[in-house]
Amino acid sequence: MALEILGADIFRQREPSIDLLQAFVEHWKGVTHYYIESTDENTPVKKTDIPWRLRQMLDILVYEERQQVAAGEAGPCLEYLLQHRILETLCTLGKAEYPPGMRQQVFQFFSKVLAQVQHPLLHYLSVHRPVQKLLRLGGSVPGSLTEKEEVQFTSVLCSKIQQDPELLTYILEGKKIISRKKAPRESTALSKDSACHADKDHFHSSAPDKGSQLDGEHCGAQALNSHLPAETEGPESGTGESTLITSLLGLCKSKKSRVALKAQENLLLLVSVASPAAATYLVQSSPCCVAIAEHLCQLYRSLPAFLDPADIAALEGISWRLPSAPSDEASFPGKEALAAFLGWFDYCDHLITEAHAVVADTLAKAVADKLFVETLQPQLLHVSEQSILTSTALLTAMLRQLRSPALLQEAVAFLLGPDQQPAALEDNPRTLCSHLIRHCDHLSDEISIATLRLFEELLQKPHEQVIRDLVLCNLDGRLYVARGSPEPESYEDTLDLEEDPYFTDDGFLDCGFSPSAKPRAAPPTSAPGKTAVTEIVNSFLCLVPEEAKTSAFLEETGYDTYVHDAYGLFQECSSRVAPWGWPLGPAPLDLHEPERPFFEGPFLQVLFDRMARILDQPYSLNLQVTSVLSRLALFPHPHIHEYLLDPYINLAPGCRSLFSVLVRVIGDLMQRIQRVPQFPGKLLLVRKQLMGQVPGEQLDHQILLQGVVVLEEFCKELAAIAFVKFPPHGPQLNLSPPPEGQV
């Protein structure tokens with residue numbers, strides 16, 4: 001400290017401020033004289049006295065400020081620093097990197113002066129200008145040896161901005177844009193540079209023996225400049241070059257994880273405290289949003305051409321604060337690159353969440369344009385199956401991480417396009433959404449599974465347009481219900497089963513199975529458009545005949561487990577859609593309205609088509625199809641309730657529902673299993689294989705047998721969903737699950 005430097009006798013002088021100034025000048029002269037006298041350009045700066053002298057200068061500034069009687073006034077040493085443009089000279093020395101390591105010392109000195117001197121400095125031109133130059137100097141060398149000092153310097157600036165957010169606009173634009181409240185203080189601060197000359201004269205008059213020393217220092221500075229390389233003056237700060245943002249973006253890409261993390265935290269701080277004026281400047285006159293989105297695209301392009309969708313789905317827990325992949329997970333080619341991409345995507349999402357609305361909307365649009373439209377869309381529409389598979393799986397992983405409303409809006413607009421009208425059967429729009437829906441029924445089972453996962457993830461996002469465009473817009477008006485007909489007495493009346501070749505005249509399957517598989521006739525409904533929950537649950541539980549059921553032979557595969565899971569999922573879904581203001585009951589039918597053709601829409605069409613082929617599809621594909629249908633059935637919209645979960649609705653001619661599709665699958669099953677010898681035993685063996693209880697071995701009709709297992713479990717799952725969604729009276733918590741096979 002100053003005591004150590006100057007000795008105790010200095011404070012016995014009658015004018016201690018002059019002695020502090022003398023010591024300050026002497027240390028600065030020691031720095032400048034090194035460049036005048038030294039001839040060895042290879043000596044590292046740490047082997048000179050420059051670091052020590054800079055530390056003494058800092059200590060004098062801090063001590064002087066503590067001794068100031070009038071708060072807020074600059075002391076003689078600080079005024080000398082400002083008048084003689086010491087910071088600008090140091091910035092030039094740092095740029096020259098002479099002696100070696102000088103740039104590191106300059107960054108440290110700037111950081112400590114700005115952090116430890118409480119007097120507001122950033123409004124001085126002789127501080128603001130070298131700060132901007134130093135920012136440009138740091139951001140111009142990717143992976144430089146001074147990254148640690150650079151991020152410390154930007155952290156100090158961001159800390160000052162956090163204390164006074166209006167500084168951000170001043171630093172970004174290089175000019176004062178201040179409120180009336182700040183104006184008096186800042187105008188005083190900005191006048192200090194011009195007042196320094198008068199202060200200097202005052203020092204001369206009060207200590208004439210020091211005057212020659214100060215004038216000599218001025219000559220020394222001129223001599224110093226002659227020994228340094230000429231500095232090309234660029235445009236003044238604030239003519240459109242946002243150096244603080246550029247420097248932070250460069251440091252965010254550092255290979256040193258701690259440096260990158262600190263830079264990301266600082267950038268997040270800036271966009272979150274930005275005033276409207278600063279936010280407008282950030283989006284209109286700085287490269288901030290575009291540069292962030294372009295770095296995301298660069299990380300995407302660095303990924304391998306092919307990544308296994310299973311590996312992508314398994315890589316969870318990636319965040320911008322911990323972007324590296326967990327070490328305990330299995331390694332695969334491209335794992336670190338994938339973790340880096342998902343980590344930066346998570347950072348973009350977090351930035352959009354925390355940023356000023358102006359910055360958030362612009363950044364979300366930049367990510368959508370650069371990543372979604374320009375990079376991802378060509379791959380999703382590509383003819384290469386490998387390209388489609390990888391891009392679809394990556395898009396699903398991004399949706400799983402996405403949380404910000406602004407970016408979610410852009411993602412939904414990208415995937416679904418503008419709000420949809422009810423689709424006609426002959427419509428074949430060449431939109432991305434229509435391509436993705438067709439990919440759900442792709443010749444490649446892998447692409448179908450990956451695209452179904454994408455839609456399942458999309459259905460879990462809190463955005464009403466998703467469920468409205470995919471399903472609800474086609475259910476409006478309840479055109480699937482026959483007009484002018486009485487309410488059905490039993491579910492057979494709603495399915496036109498007499499036209500189905502698998503059904504006999506008495507209304508049920510003629511396959512030699514016991515009539516116990518036939519559900520009972522439904523009692524009168526409790527209200528128009530609503531069927532008693534017990535009848536709905538029984539209809540699904542009894543749909544699969546006893547000869548095709550195997551879960552009763554094994555533990556922990558009962559209906560009760562599905563009820564517990566369905567209740568939690570339904571509560572989660574209900575809270576997500578609560579702000580959307582859905583009606584409690586279906587829209588009333590106009591019995592006098594002429595019937596119009598009904599089309600379930602391309603999304604439900606492809607799901608129903610896939611469901612109809614459940615006995616001929618791979619096990620993993622069947623699991624994904626039923627998973628998406630279960631997600632849809634959970635939505636608490638009355639039209640979805642009715643169309644997907646009520647077996648007793650009186651369907652309009654030519655219409656199908658989920659239950660009618662299942663009935664026809666059962667009819668097909670009952671015909672086919674007669675041709676499979678020892679069907680019950682083989683079916684039980686396949687179930688045990690799927691549960692891992694016995695070793696897997698190839699069997700005849702294995703796909704069929706696996707499809708039957710999935711069909712049985714799906715019917716139990718639908719029954720459980722219906723049970724938690726349709727309480728007959730009072731809250732759902734008062735209900736207990738029925739025994740297996742009945743309610």
# chains A, B, ... in the order shown; residues from 1 in each chain; ligands from 1

$ select_by_dssp --residues "stretch 361-480 of chain A" --states "helix (DSSP H, G or I)" --output "ChimeraX atom specification"
/A:361-380,385-401,405-416,432-439,445-459,464-478

$ residues_around --residues "A:Leu82" --least-positions-apart "3" --cutoff "8 Å" --atoms "only C-alpha atoms" --output "list in words"
Leu78, Glu79, Arg85, Ile86, Leu87, Tyr124, Ser126, Val127, Asp193 and Cys196 of chain A

$ residues_around --residues "A:Thr39" --least-positions-apart "3" --cutoff "12 Å" --atoms "only C-alpha atoms" --output "list in words"
His33, Tyr34, Tyr35, Ile36, Asn42, Thr43, Tyr98, Pro99 and His227 of chain A

$ write_last_selection --atoms "C-alpha atoms" --output "tab-separated table (two decimals), in the first residue's frame"
chain	number	residue	atom	x	y	z
A	33	HIS	CA	11.66	5.14	-18.93
A	34	TYR	CA	11.91	1.37	-19.36
A	35	TYR	CA	10.88	1.78	-23.00
A	36	ILE	CA	13.31	4.67	-23.51
A	42	ASN	CA	12.98	-10.47	-25.32
A	43	THR	CA	12.96	-9.94	-21.55
A	98	TYR	CA	6.37	-5.31	-25.55
A	99	PRO	CA	7.93	-6.48	-23.38
A	227	HIS	CA	9.89	4.21	-29.38

$ residues_around --residues "A:Ser387" --least-positions-apart "6" --cutoff "12 Å" --atoms "only C-alpha atoms" --output "list in words"
Pro304, Ala305, Phe306, Leu307, Asp308, Pro309, Thr375, Leu376, Gln377, Pro378, Gln379, Leu380, Leu381, Ala393, Leu394 and Ile447 of chain A

$ atom_distance --atom1 "atom CA of A:Ala566" --atom2 "atom CA of A:Val724"
7.0 Å
